[in-house]
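Just below is one structure, and these are the notes that go with it.
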Amino acid sequence: MGYYVGLDVALRSVALCVIDGDGEIVLERALACEVGEIAEYLHSFGKPIERIGFEAGTMSQTLFYGLKAAGFDVVCMEARHVSAALSAMRNKTDRNDARGIAQVVRSGWYRVVHMKSTESHHIRTLLTSRKALLSRCIDLENEMRGLLKVFGIRLPSTLAHHRFAETVRPIIEADEDLAFALLPMLDAQHVLLAGYQEMDRRVKLVAAQDPICMLLMTAPGVGAVTALHFKAGIDDPARFTSSRLVGAHFGLTPRRFQSGESDNQGRISKAGDGDVRSALYSAANSLLTRTRKMSPLKAWGLHLVRTKGQRRATVAVARKLAVILHRMWTDGTQFQWNDQEANV
């Protein structure tokens with residue numbers, strides 16, 4: 001008889017529950033959230049473990065690859081499925097959650113979450129660091145704009161980040177009290193901007209050295225940031241049986257509620273990785289508004305702009321662009337700019 005293990009994972013602790021094939025609780029224990037300690041305890045259990053399961057979360061990557069290396073069959077389950085199963089329990093505790101997760105693993109009623117490679121996580125860390133530095137830089141600039149308005153100083157609405165310090169510094173230094181209050185903030189903005197520019201350079205360097213990113217960047221509107229976001233978000237193109245599924249995976253397809261005579265479609269689901277969805281939307285907007293060369297994709301998007309409006313058209317183009325990028329990656333072909341190329 002095989003045994004099933006459910007783990008309710010917190011940042012520093014894990015509630016562990018072992019059940020048998022009939023669903024009876026065999027063992028329960030609270031452990032530290034360390035792969036070595038969990039693996040050692042399960043090995044000391046001395047009975048065949050069929051499968052270990054836990055919800056997707058911050059520690060999923062470490063636990064999945066660590067326990068798999070220790071010789072266990074491990075599944076990381078989609079949190080929405082597990083939450084729906086656990087919602088029937090009267091009391092929510094870590095111990096009860098571990099019991100419920102073990103039962104879900106035994107029943108097989110779950111959706112497996114794809115565990116991304118270490119390379120994809122490195123790319124995402126690089127992109128997140130770049131985004132964080134830019135966000136902090138913008139926050140400081142907006143804060144200084146607001147503080148200067150009190151004294152009647154209104155900065156230009158369109159002021160590039162690299163021009164901000166040289167424009168604002170003479171204004172601040174002209175007033176001794178303003179200089180005393182704002183110069184340290186301006187210096188901090190300058191340091192953050194320098195950090196962002198360095199991270200931006202590294203992002204472009206990584207994209208330029210990656211053949212997959214260079215292939216994706218042949219599509220109009222797709223730059224280094226979008227290509228890296230898409231590559232990190234997809235990780236393995238073979239996990240999608242059809243390119244059409246990519247748009248839904250990143251939340252670019254409408255929600256639908258159908259029951260009896262009712263059949264309502266809502267706004268896009270916004271499921272999946274929000275950073276990838278945002279990057280695809282930006283690429284679609286660039287394709288429609290900045291790219292001069294015409295293509296079937298742009299012609300289709302411009303038609304939607306006239307009939308559906310700018311925002312809906314951009315979302316639709318972003319969805320189709322995701323499908324095209326996945327197909328380009330799978331086939332190893334560059335973006336096809338006209339119908340004659342597409343029919344070759």
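In the structure tokens, chains take the letters A, B, ... in the order shown, each chain's residues start at 1, and ligands count up from 1 in the order shown.
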Closest atom pairs, residues of region 199-308 of chain A within 10 Å of region 127-145 of chain A, only C-alpha atoms, as a Markdown table:
```
| residue | atom | partner | partner_atom | distance |
| --- | --- | --- | --- | --- |
| A:Met199 | CA | A:Arg130 | CA | 5.4 |
| A:Asp200 | CA | A:Arg130 | CA | 6.4 |
| A:Arg201 | CA | A:Arg130 | CA | 9.8 |
| A:Arg202 | CA | A:Arg130 | CA | 9.3 |
| A:Val203 | CA | A:Leu127 | CA | 7.1 |
| A:Val225 | CA | A:Leu127 | CA | 7.5 |
| A:Thr226 | CA | A:Leu127 | CA | 10.0 |
| A:Leu228 | CA | A:Leu127 | CA | 8.0 |
| A:His229 | CA | A:Leu127 | CA | 7.6 |
| A:Ala232 | CA | A:Leu127 | CA | 9.8 |
| A:Asp275 | CA | A:Thr128 | CA | 9.0 |
```
Create the file for the chosen residues now, containing N, CA and C atoms and written as an mmCIF file, in the first residue's frame.
```cif
data_model
loop_
_atom_site.group_PDB
_atom_site.id
_atom_site.type_symbol
_atom_site.label_atom_id
_atom_site.label_comp_id
_atom_site.auth_asym_id
_atom_site.auth_seq_id
_atom_site.Cartn_x
_atom_site.Cartn_y
_atom_site.Cartn_z
ATOM 1 N N MET A 199 21.124 48.224 -14.754
ATOM 2 C CA MET A 199 20.283 47.037 -14.899
ATOM 3 C C MET A 199 19.686 46.960 -16.297
ATOM 4 N N ASP A 200 19.322 48.100 -16.866
ATOM 5 C CA ASP A 200 18.779 48.123 -18.216
ATOM 6 C C ASP A 200 19.834 47.657 -19.224
ATOM 7 N N ARG A 201 21.076 48.071 -19.003
ATOM 8 C CA ARG A 201 22.164 47.631 -19.877
ATOM 9 C C ARG A 201 22.352 46.119 -19.773
ATOM 10 N N ARG A 202 22.264 45.583 -18.578
ATOM 11 C CA ARG A 202 22.435 44.140 -18.398
ATOM 12 C C ARG A 202 21.289 43.360 -19.045
ATOM 13 N N VAL A 203 20.064 43.887 -18.942
ATOM 14 C CA VAL A 203 18.920 43.234 -19.582
ATOM 15 C C VAL A 203 19.131 43.153 -21.086
ATOM 16 N N VAL A 225 13.115 43.642 -23.207
ATOM 17 C CA VAL A 225 12.349 43.383 -21.984
ATOM 18 C C VAL A 225 11.199 42.423 -22.261
ATOM 19 N N THR A 226 10.446 42.676 -23.322
ATOM 20 C CA THR A 226 9.321 41.799 -23.654
ATOM 21 C C THR A 226 9.794 40.390 -23.986
ATOM 22 N N LEU A 228 12.514 38.824 -22.979
ATOM 23 C CA LEU A 228 12.960 38.121 -21.769
ATOM 24 C C LEU A 228 11.779 37.747 -20.878
ATOM 25 N N HIS A 229 10.805 38.652 -20.744
ATOM 26 C CA HIS A 229 9.609 38.336 -19.960
ATOM 27 C C HIS A 229 8.893 37.125 -20.554
ATOM 28 N N ALA A 232 10.957 33.861 -19.983
ATOM 29 C CA ALA A 232 10.898 33.408 -18.586
ATOM 30 C C ALA A 232 9.501 32.911 -18.237
ATOM 31 N N ASP A 275 3.383 40.393 -15.097
ATOM 32 C CA ASP A 275 4.493 41.092 -15.753
ATOM 33 C C ASP A 275 4.570 40.729 -17.240
#
```
| Tell me, which residues of region 222-298 of chain A carry DSSP strand (DSSP E), written as a list in words? | Pro254, Arg255, Arg256, Phe257, Gln258, Ser259, Ser262, Asp263, Asn264, Gln265, Gly266, Arg267 and Ile268 of chain A
| If you count only C-alpha atoms, which residues fall within 10 Å of region 256-273 of chain A, apart from same-chain ones fewer than 5 positions away, as a ChimeraX atom specification? | /A:229-230,233-234,247-251,278,312,315
